[in-house]
$ cat entry-v8.txt   # compact mmCIF, C-alpha atoms and all ligand atoms
# COMPACT_ATOMS: atom_id res chain seq x y z
CA MET A 1 100.55 143.27 138.94
CA VAL A 2 101.86 140.24 140.84
CA PHE A 3 104.81 138.97 142.73
CA SER A 4 106.03 135.60 141.52
CA SER A 5 108.44 133.35 143.34
CA TYR A 6 110.95 130.56 142.89
CA GLY A 7 108.03 128.19 143.54
CA THR A 8 104.51 128.47 142.28
CA ILE A 9 103.26 131.17 144.58
CA VAL A 10 101.93 134.31 142.99
CA PHE A 11 101.17 136.96 145.54
CA PRO A 12 99.00 140.00 144.80
CA LEU A 13 100.85 143.20 145.64
CA ASP A 14 97.89 144.70 147.53
CA LYS A 15 97.70 141.63 149.75
CA TRP A 16 101.41 141.84 150.41
CA PHE A 17 100.97 145.23 152.03
CA ASP A 18 97.52 144.79 153.52
CA THR A 19 98.64 144.70 157.13
CA PHE A 20 101.72 146.86 157.54
CA HIS A 21 102.02 149.83 155.26
CA ASP A 22 105.48 150.69 156.49
CA GLY A 23 106.87 147.83 154.42
CA SER A 24 107.50 145.45 157.32
CA GLU A 25 106.41 141.84 156.89
CA ASN A 26 103.23 140.54 158.43
CA THR A 27 103.06 137.06 159.96
CA HIS A 28 101.50 135.53 156.86
CA GLN A 29 104.37 136.81 154.72
CA ARG A 30 106.99 135.51 157.13
CA ILE A 31 105.44 132.02 157.15
CA ILE A 32 105.35 131.88 153.36
CA LYS A 33 108.90 133.19 153.05
CA ASN A 34 110.28 130.66 155.51
CA LYS A 35 108.41 127.75 153.93
CA TYR A 36 109.20 128.43 150.29
CA GLN A 37 112.31 130.63 150.47
CA ILE A 38 110.61 133.17 148.29
CA ARG A 39 112.63 135.69 146.37
CA ASN A 40 110.12 138.44 145.64
CA ILE A 41 110.05 139.53 142.04
CA LEU A 42 107.74 142.14 140.63
CA LYS A 43 106.74 141.92 136.99
CA ILE A 44 106.88 145.39 135.50
CA THR A 45 106.47 147.07 132.12
CA ALA A 46 109.43 149.08 130.87
CA ALA A 47 110.81 150.76 127.74
CA VAL A 48 114.03 148.94 126.84
CA LEU A 49 116.72 150.15 124.43
CA ARG A 50 118.34 147.05 122.90
CA GLU A 51 120.05 148.58 119.87
CA LEU A 52 121.24 152.09 119.05
CA ASN A 53 118.98 154.15 116.76
CA GLN A 54 116.18 151.58 116.99
CA PRO A 55 112.71 151.99 118.51
CA LEU A 56 112.37 151.19 122.21
CA GLU A 57 110.80 147.84 123.05
CA ILE A 58 107.97 147.73 125.57
CA GLU A 59 108.78 144.62 127.60
CA GLU A 60 107.74 142.82 130.72
CA LEU A 61 110.78 142.69 133.01
CA GLU A 62 111.39 141.29 136.46
CA LEU A 63 112.27 143.79 139.16
CA ALA A 64 113.99 142.41 142.25
CA GLU A 65 112.88 143.66 145.64
CA PRO A 66 114.80 146.47 147.32
CA LYS A 67 118.00 145.64 149.15
CA ALA A 68 119.21 147.56 152.21
CA ASN A 69 118.82 151.34 151.80
CA GLU A 70 116.73 150.90 148.66
CA VAL A 71 113.05 151.43 147.94
CA LEU A 72 110.47 150.26 145.45
CA VAL A 73 108.63 153.14 143.79
CA LYS A 74 105.51 152.90 141.65
CA ILE A 75 106.05 155.47 138.90
CA ASP A 76 103.18 157.96 138.55
CA ALA A 77 104.69 160.18 135.84
CA PHE A 78 107.85 160.59 133.82
CA GLY A 79 109.09 163.14 131.31
CA ILE A 80 110.69 162.59 127.91
CA CYS A 81 114.03 164.41 128.14
CA HIS A 82 116.38 164.87 125.21
CA SER A 83 119.24 163.48 127.32
CA ASP A 84 117.53 160.07 127.25
CA TYR A 85 117.50 160.27 123.48
CA HIS A 86 121.26 160.96 123.44
CA VAL A 87 121.55 157.37 124.68
CA VAL A 88 119.38 156.11 121.80
CA THR A 89 121.63 157.81 119.23
CA GLY A 90 124.88 156.91 121.01
CA LEU A 91 125.82 160.55 121.68
CA ALA A 92 125.82 159.58 125.36
CA LYS A 93 127.74 156.39 126.05
CA GLN A 94 125.84 153.63 127.80
CA GLU A 95 126.02 149.84 127.64
CA LEU A 96 122.89 148.08 126.37
CA PRO A 97 120.28 146.79 126.95
CA VAL A 98 119.11 149.56 129.23
CA VAL A 99 115.87 150.98 130.54
CA LEU A 100 115.95 154.75 129.97
CA GLY A 101 114.36 157.52 132.01
CA HIS A 102 115.80 159.93 134.56
CA GLU A 103 112.96 162.44 135.01
CA GLY A 104 110.29 160.80 137.14
CA ALA A 105 108.11 160.84 140.22
CA GLY A 106 106.07 158.23 142.01
CA THR A 107 104.84 156.64 145.21
CA VAL A 108 106.98 154.59 147.60
CA ILE A 109 105.40 151.14 147.95
CA GLN A 110 108.12 149.11 149.64
CA ILE A 111 111.15 150.02 151.71
CA GLY A 112 114.32 148.02 152.23
CA GLU A 113 116.23 147.52 155.45
CA GLY A 114 117.67 150.63 157.05
CA VAL A 115 115.62 153.14 155.07
CA THR A 116 114.74 156.16 157.19
CA ASN A 117 114.28 159.14 154.86
CA VAL A 118 111.07 157.98 153.14
CA LYS A 119 108.00 156.03 154.17
CA PHE A 120 105.45 153.79 152.52
CA GLY A 121 102.91 155.79 150.52
CA GLN A 122 104.95 158.99 150.20
CA ASN A 123 104.98 160.97 146.93
CA VAL A 124 108.56 161.35 145.84
CA LEU A 125 110.58 162.98 143.11
CA LEU A 126 113.43 160.86 141.76
CA ASN A 127 116.78 162.65 141.76
CA TRP A 128 119.11 161.42 138.99
CA PHE A 129 122.15 162.86 140.76
CA PRO A 130 121.90 162.64 144.55
CA TYR A 131 124.85 163.29 146.82
CA CYS A 132 126.53 161.43 149.64
CA LYS A 133 127.55 164.33 151.94
CA GLN A 134 130.86 162.53 152.60
CA CYS A 135 133.11 162.63 149.53
CA PRO A 136 135.62 165.50 149.02
CA GLN A 137 133.30 167.35 146.61
CA CYS A 138 130.28 167.08 148.91
CA THR A 139 132.23 168.24 151.96
CA ALA A 140 133.53 171.19 149.91
CA GLY A 141 129.91 172.15 149.13
CA ASN A 142 130.01 171.09 145.47
CA THR A 143 127.19 168.59 145.84
CA ASN A 144 126.38 168.44 142.12
CA HIS A 145 129.84 166.92 141.61
CA CYS A 146 129.44 164.13 144.18
CA LYS A 147 132.12 161.52 143.52
CA THR A 148 130.09 158.67 145.00
CA TYR A 149 126.99 159.02 142.84
CA MET A 150 128.90 160.15 139.73
CA LYS A 151 129.71 156.43 139.36
CA MET A 152 126.04 155.52 138.97
CA LEU A 153 125.51 157.99 136.11
CA GLY A 154 127.54 156.34 133.39
CA GLN A 155 127.31 152.72 134.52
CA GLY A 156 123.61 152.05 134.42
CA LYS A 157 124.02 150.05 137.61
CA MET A 158 123.38 150.49 141.30
CA LEU A 159 126.27 151.44 143.59
CA ASP A 160 126.95 147.74 144.28
CA GLY A 161 127.62 147.25 140.54
CA THR A 162 124.46 145.22 139.87
CA THR A 163 121.06 145.90 138.35
CA ARG A 164 117.64 145.01 139.78
CA LEU A 165 116.18 144.26 136.33
CA THR A 166 116.16 141.02 134.34
CA ASP A 167 114.42 140.19 131.07
CA ALA A 168 112.35 137.21 129.94
CA ASN A 169 115.57 135.28 129.14
CA ASN A 170 116.85 135.94 132.66
CA LYS A 171 119.51 138.34 131.31
CA PRO A 172 120.30 141.54 133.23
CA VAL A 173 118.97 144.84 131.90
CA LEU A 174 120.76 148.04 132.96
CA GLN A 175 119.12 151.02 134.68
CA LEU A 176 120.01 154.45 133.26
CA SER A 177 121.58 156.55 136.03
CA GLY A 178 120.70 153.74 138.45
CA LEU A 179 117.14 154.94 137.99
CA ALA A 180 115.37 153.77 134.80
CA CYS A 181 112.00 155.40 135.31
CA TRP A 182 110.58 154.79 131.81
CA ALA A 183 108.78 151.95 133.53
CA THR A 184 105.84 151.21 135.77
CA HIS A 185 108.12 150.63 138.80
CA VAL A 186 111.72 151.18 139.89
CA VAL A 187 113.97 149.99 142.69
CA VAL A 188 116.35 152.80 143.60
CA PRO A 189 118.62 153.94 146.44
CA ASP A 190 116.49 155.67 149.07
CA ILE A 191 118.68 158.75 148.82
CA ILE A 192 117.37 159.55 145.36
CA CYS A 193 113.83 159.93 146.69
CA THR A 194 112.85 163.46 147.68
CA LYS A 195 109.54 163.90 149.44
CA MET A 196 107.34 166.42 147.66
CA PRO A 197 104.72 168.73 149.18
CA GLU A 198 101.53 166.65 149.17
CA SER A 199 99.56 168.63 146.60
CA THR A 200 102.35 168.51 143.97
CA PRO A 201 101.01 166.72 140.85
CA PRO A 202 103.34 163.84 139.87
CA GLU A 203 104.04 165.23 136.37
CA ILE A 204 105.13 168.54 137.94
CA ALA A 205 107.41 166.69 140.39
CA ALA A 206 108.85 164.67 137.48
CA LEU A 207 109.73 167.81 135.50
CA ILE A 208 111.31 169.41 138.57
CA GLY A 209 113.45 166.25 138.65
CA CYS A 210 115.31 167.30 135.49
CA ALA A 211 114.19 170.06 133.08
CA VAL A 212 113.12 172.63 135.66
CA THR A 213 116.04 172.18 138.04
CA THR A 214 118.50 172.15 135.13
CA GLY A 215 117.08 175.27 133.45
CA VAL A 216 115.96 177.42 136.37
CA GLY A 217 119.05 176.41 138.34
CA ALA A 218 121.33 177.39 135.43
CA VAL A 219 119.88 180.90 135.61
CA LEU A 220 119.64 181.38 139.37
CA ASN A 221 122.54 179.28 140.70
CA GLN A 222 125.22 179.38 138.00
CA ALA A 223 124.63 182.48 135.83
CA SER A 224 123.08 184.67 138.56
CA VAL A 225 121.25 186.56 135.81
CA HIS A 226 120.75 190.14 136.96
CA LYS A 227 117.64 192.31 136.89
CA GLY A 228 117.19 194.32 133.70
CA SER A 229 119.64 192.17 131.71
CA SER A 230 119.38 190.75 128.18
CA VAL A 231 119.46 187.00 127.58
CA VAL A 232 119.49 184.73 124.54
CA VAL A 233 118.35 181.12 124.98
CA TYR A 234 119.12 178.63 122.19
CA GLY A 235 116.54 175.82 122.16
CA SER A 236 112.94 175.97 123.38
CA GLY A 237 112.46 172.42 124.64
CA GLY A 238 111.84 171.55 128.29
CA VAL A 239 115.23 172.86 129.46
CA GLY A 240 115.24 176.00 127.26
CA LEU A 241 111.74 176.93 128.39
CA SER A 242 112.82 176.36 132.01
CA ILE A 243 115.74 178.73 131.43
CA ILE A 244 113.20 181.29 130.19
CA MET A 245 111.12 180.71 133.35
CA GLY A 246 114.25 181.27 135.43
CA CYS A 247 115.08 184.48 133.55
CA VAL A 248 111.58 185.80 134.30
CA GLN A 249 112.18 184.99 137.97
CA ALA A 250 115.52 186.83 137.85
CA GLY A 251 113.93 189.94 136.33
CA ALA A 252 115.70 189.85 132.95
CA GLU A 253 114.31 192.57 130.70
CA LYS A 254 114.96 191.09 127.26
CA ILE A 255 114.60 187.32 126.81
CA ILE A 256 115.32 186.17 123.25
CA ALA A 257 114.26 182.59 122.49
CA VAL A 258 115.86 180.90 119.47
CA ASP A 259 114.50 177.66 118.00
CA ARG A 260 114.47 175.93 114.62
CA THR A 261 110.71 175.31 114.87
CA GLU A 262 108.31 178.21 114.37
CA THR A 263 105.61 176.54 116.44
CA LYS A 264 107.82 177.11 119.48
CA GLU A 265 107.29 180.87 119.26
CA MET A 266 103.92 180.80 120.99
CA ILE A 267 105.14 178.37 123.65
CA ALA A 268 108.31 180.42 124.34
CA ARG A 269 106.42 183.71 124.52
CA ASN A 270 103.87 182.05 126.81
CA MET A 271 106.73 181.17 129.18
CA GLY A 272 107.97 184.78 129.18
CA ALA A 273 110.22 185.21 126.13
CA THR A 274 110.04 188.81 124.88
CA HIS A 275 111.44 187.98 121.43
CA PHE A 276 111.58 184.89 119.22
CA VAL A 277 114.12 184.17 116.47
CA LYS A 278 113.79 181.24 114.08
CA ALA A 279 117.23 179.64 113.92
CA GLY A 280 118.97 180.15 110.59
CA GLY A 281 122.23 181.24 109.03
CA ASP A 282 122.18 184.79 110.45
CA THR A 283 120.91 184.07 113.96
CA VAL A 284 123.82 185.78 115.73
CA ARG A 285 123.36 188.95 113.66
CA VAL A 286 119.62 189.00 114.51
CA VAL A 287 120.45 188.58 118.21
CA LYS A 288 122.90 191.49 117.94
CA ASP A 289 120.27 193.63 116.19
CA LEU A 290 117.84 192.92 119.02
CA THR A 291 120.42 194.02 121.61
CA GLU A 292 121.39 197.43 120.21
CA GLY A 293 124.18 195.88 118.18
CA LEU A 294 126.04 194.88 121.35
CA GLY A 295 125.00 191.29 122.03
CA ALA A 296 123.28 189.83 125.10
CA ASP A 297 124.52 189.80 128.70
CA TYR A 298 123.93 186.05 128.92
CA ALA A 299 123.73 183.24 126.32
CA PHE A 300 122.52 179.70 127.06
CA ASP A 301 122.77 176.53 124.96
CA ALA A 302 119.86 174.36 126.10
CA VAL A 303 120.34 171.85 123.28
CA GLY A 304 123.81 170.37 123.76
CA SER A 305 124.95 171.13 120.22
CA ILE A 306 128.53 172.07 119.34
CA GLU A 307 127.27 174.28 116.51
CA ILE A 308 125.15 176.25 118.99
CA ALA A 309 127.84 176.26 121.67
CA GLU A 310 130.18 177.97 119.21
CA MET A 311 127.53 180.67 118.61
CA LEU A 312 127.32 181.62 122.29
CA LEU A 313 130.37 183.86 122.65
CA PRO A 314 129.66 185.76 119.38
CA SER A 315 126.09 186.38 120.70
CA LEU A 316 127.42 188.21 123.79
CA ARG A 317 128.47 191.76 124.51
CA GLU A 318 131.80 192.43 126.23
CA ARG A 319 132.10 190.70 129.63
CA GLY A 320 129.02 188.58 128.85
CA LEU A 321 128.57 185.06 130.19
CA ALA A 322 127.89 181.95 128.08
CA LEU A 323 126.63 178.68 129.57
CA LEU A 324 126.45 175.14 128.23
CA VAL A 325 123.29 173.66 129.77
CA GLY A 326 122.33 170.86 127.36
CA VAL A 327 124.54 167.76 127.40
CA PRO A 328 127.22 168.07 124.67
CA PRO A 329 128.18 164.95 122.67
CA ALA A 330 130.79 162.79 124.38
CA ASP A 331 134.42 163.58 123.38
CA SER A 332 133.41 166.76 121.48
CA ARG A 333 135.67 169.83 121.17
CA LEU A 334 134.76 173.53 121.02
CA GLN A 335 136.47 176.24 119.01
CA VAL A 336 136.36 179.75 120.41
CA ASP A 337 137.76 183.04 119.15
CA ALA A 338 140.54 183.97 121.56
CA THR A 339 139.66 187.66 121.10
CA ASP A 340 136.22 187.02 122.58
CA VAL A 341 137.85 185.61 125.70
CA PHE A 342 140.89 187.90 126.02
CA ARG A 343 140.07 191.32 124.66
CA GLN A 344 136.31 191.24 125.21
CA GLU A 345 136.54 189.36 128.52
CA LYS A 346 133.64 187.08 127.70
CA LYS A 347 133.28 183.99 129.89
CA LEU A 348 132.22 180.45 129.02
CA THR A 349 131.20 177.83 131.54
CA GLY A 350 128.78 174.96 131.99
CA THR A 351 126.27 173.81 134.55
CA ILE A 352 125.26 170.29 135.42
CA TYR A 353 121.82 169.78 136.94
CA GLY A 354 121.45 173.55 137.28
CA SER A 355 124.38 173.61 139.75
CA ALA A 356 121.65 172.75 142.24
CA ASP A 357 121.71 171.80 145.86
CA THR A 358 118.99 169.26 145.25
CA ALA A 359 118.25 168.84 148.96
CA VAL A 360 116.94 172.41 148.89
CA ASP A 361 116.04 173.29 145.29
CA PHE A 362 113.50 170.54 144.47
CA GLU A 363 111.23 171.55 147.33
CA LYS A 364 111.80 175.24 146.61
CA TYR A 365 110.67 174.85 142.98
CA ALA A 366 107.66 172.72 143.99
CA LYS A 367 106.57 175.44 146.42
CA MET A 368 107.12 178.12 143.77
CA TYR A 369 104.88 176.12 141.42
CA LEU A 370 102.20 175.66 144.08
CA SER A 371 102.25 179.39 144.88
CA GLY A 372 101.83 180.23 141.19
CA SER A 373 105.22 181.88 140.61
CA LEU A 374 106.80 179.09 138.54
CA PRO A 375 104.40 177.91 135.79
CA VAL A 376 105.87 174.42 135.34
CA ASP A 377 102.53 173.14 134.00
CA LYS A 378 102.98 175.31 130.88
CA LEU A 379 105.93 173.10 129.91
CA ILE A 380 103.67 170.10 129.38
CA SER A 381 102.33 169.90 125.83
CA LYS A 382 101.12 166.33 125.65
CA HIS A 383 100.38 163.26 127.77
CA TYR A 384 101.19 159.72 126.58
CA LYS A 385 100.83 156.12 127.72
CA ILE A 386 104.03 154.13 128.19
CA GLU A 387 103.10 152.07 125.11
CA GLU A 388 103.31 155.32 123.08
CA ILE A 389 106.92 156.00 124.09
CA ASN A 390 108.30 155.90 120.54
CA GLU A 391 105.65 158.36 119.36
CA ALA A 392 106.54 160.62 122.32
CA CYS A 393 110.23 160.52 121.30
CA ARG A 394 109.32 161.31 117.68
CA ASP A 395 107.23 164.32 118.74
CA MET A 396 110.14 165.61 120.82
CA LEU A 397 112.57 165.20 117.92
CA ASN A 398 110.18 166.98 115.53
CA GLY A 399 110.32 169.95 117.89
CA GLU A 400 106.55 170.31 117.89
CA ILE A 401 106.06 169.99 121.64
CA ALA A 402 107.61 171.48 124.78
CA ARG A 403 107.67 168.51 127.15
CA GLY A 404 105.82 165.23 126.69
CA VAL A 405 104.97 163.28 129.83
CA VAL A 406 103.86 159.71 130.41
CA THR A 407 101.36 159.28 133.22
CA PHE A 408 99.85 156.16 134.75
ZN ZN K 501 116.95 165.30 131.59
ZN ZN K 502 129.48 163.01 147.60

$ encode --input "entry-v8.txt" --output "structure tokens" --more "lines below"
Ligand SMILES: [Zn+2]
Ligand SMILES: [Zn+2]
Amino acid sequence: MVFSSYGTIVFPLDKWFDTFHDGSENTHQRIIKNKYQIRNILKITAAVLRELNQPLEIEELELAEPKANEVLVKIDAFGICHSDYHVVTGLAKQELPVVLGHEGAGTVIQIGEGVTNVKFGQNVLLNWFPYCKQCPQCTAGNTNHCKTYMKMLGQGKMLDGTTRLTDANNKPVLQLSGLACWATHVVVPDIICTKMPESTPPEIAALIGCAVTTGVGAVLNQASVHKGSSVVVYGSGGVGLSIIMGCVQAGAEKIIAVDRTETKEMIARNMGATHFVKAGGDTVRVVKDLTEGLGADYAFDAVGSIEIAEMLLPSLRERGLALLVGVPPADSRLQVDATDVFRQEKKLTGTIYGSADTAVDFEKYAKMYLSGSLPVDKLISKHYKIEEINEACRDMLNGEIARGVVTF
């Protein structure tokens, strides 16, 4: 791990920080900078998507140093989320080449000018959808619809419209959600860093950064699942299992997990599912049979599939609530039976990022994990090295694992 420069200087990272751990320059650094006009570049390893539906390339990239209000974070763990894979298949639109990854945690190792909310050496969770507190949505309290940071989501660039990554041919490489944590290091806006309680393991913080907040938040913030209710959850991946965790928290009595893979039964039951249904042609009928012929009070699509989304309303009893939690394909359309909506008063809505107030919820879920009430560790089936990223994606697609995590 080295910094290289415009000239011939290569500066070990440890040496760079040996005097002032708050990120300020020591005298030696200032002399070198003035003499050689160094632009600090960190060589990093990252998983790059260059072509749709092709394996990710593990490449050495150059990462520019943080600008004002940005920080450099050494990634300690990241999760493999299905939403990243939607970019690989083109279901989510994103210019290429891009470094994927939006579920990560790490250690702050350099801070840019004006950064006040995090310090050198802090363990942080990376928030893929922070909020500005100033736009109309933020001031109205709808922080998970922040207009300012919504721009970063689809662009793959920082707010200034540039990227901090370049490849071996000196060409820019985009950063998914302005984040790009399928890498050894990231430079990100300081606002996306949330300090975690010190004893939080990095892989737990990473999962709270997407799957847990999305799933548990969908249950507690958006659905407000009530005690003693019945719930059906389609999909038992990281988000679906987090929904199940949330339903346990909410005191749901009947939690029906549905998945196409039988091996998920044990995992789903271990998270708190009371019933398991292998997805097939008559899934809705089986769900009805398990709910006294009425249907469930709540139905969640954790996959982001139109086929599943159209099964949600038929799975509900009168006045039930259906939620789209997984990311649906871009430009897709849903067909619903008008009778379900009108006569039976069923409701359909969605939830992005668990409708969370991330300034509060991340820390809340970390504390719930540390106190033993939210078993986030049970979500993790397998650990990988970054070089095994394509294998990790394959395992996720095969449906054999809950969540795979890469640790360093
Ligand atoms: Zn995700
Ligand atoms: Zn905002």

$ closest_residue --input "entry-v8.txt" --among "A:Gln249, A:Asn270, A:Thr194, A:Asn142" --to "ligand ZN 502 (chain K)" --atoms "all atoms listed in the file"
A:Asn142

$ residues_near_point --input "entry-v8.txt" --point "(107.0, 173.8, 124.8)" --cutoff "8 Å" --atoms "only C-alpha atoms" --output "PyMOL selection string"
chain A and resi 236-238+241+264+267-268+378-381+400-403

$ write_last_selection --input "entry-v8.txt" --atoms "C-alpha atoms" --output "PDB file, keeping the file's coordinate frame"
ATOM      1  CA  SER A 236     112.940 175.970 123.380  1.00  0.00           C
ATOM      2  CA  GLY A 237     112.460 172.420 124.640  1.00  0.00           C
ATOM      3  CA  GLY A 238     111.840 171.550 128.290  1.00  0.00           C
ATOM      4  CA  LEU A 241     111.740 176.930 128.390  1.00  0.00           C
ATOM      5  CA  LYS A 264     107.820 177.110 119.480  1.00  0.00           C
ATOM      6  CA  ILE A 267     105.140 178.370 123.650  1.00  0.00           C
ATOM      7  CA  ALA A 268     108.310 180.420 124.340  1.00  0.00           C
ATOM      8  CA  LYS A 378     102.980 175.310 130.880  1.00  0.00           C
ATOM      9  CA  LEU A 379     105.930 173.100 129.910  1.00  0.00           C
ATOM     10  CA  ILE A 380     103.670 170.100 129.380  1.00  0.00           C
ATOM     11  CA  SER A 381     102.330 169.900 125.830  1.00  0.00           C
ATOM     12  CA  GLU A 400     106.550 170.310 117.890  1.00  0.00           C
ATOM     13  CA  ILE A 401     106.060 169.990 121.640  1.00  0.00           C
ATOM     14  CA  ALA A 402     107.610 171.480 124.780  1.00  0.00           C
ATOM     15  CA  ARG A 403     107.670 168.510 127.150  1.00  0.00           C
TER      16      ARG A 403
END

$ residues_around --input "entry-v8.txt" --residues "A:Gly354" --least-positions-apart "3" --cutoff "12 Å" --atoms "all atoms listed in the file" --output "VMD selection string"
chain A and resid 129 143 to 145 208 to 224 239 242 to 243 246 300 302 323 to 327 350 to 351 357 to 358 361 to 362

$ axis_aligned_box --input "entry-v8.txt" --around "stretch 66-77 of chain A" --padding-each-side "8 Å" --output "AutoDock Vina command-line options"
--center_x 111.2 --center_y 152.9 --center_z 144.0 --size_x 32.0 --size_y 30.5 --size_z 32.4

$ atom_distance --input "entry-v8.txt" --atom1 "atom CA of A:Lys43" --atom2 "atom CA of A:Val173"
13.6 Å

$ residues_near_ligand --input "entry-v8.txt" --ligand "ligand ZN 502 (chain K)" --cutoff "8 Å" --atoms "only C-alpha atoms and all ligand atoms" --output "ChimeraX atom specification"
/A:131-139,143,145-149

$ closest_residue --input "entry-v8.txt" --among "A:Glu95, A:Glu318, A:Glu103, A:Glu70" --to "ligand ZN 501 (chain K)" --atoms "all atoms listed in the file"
A:Glu103
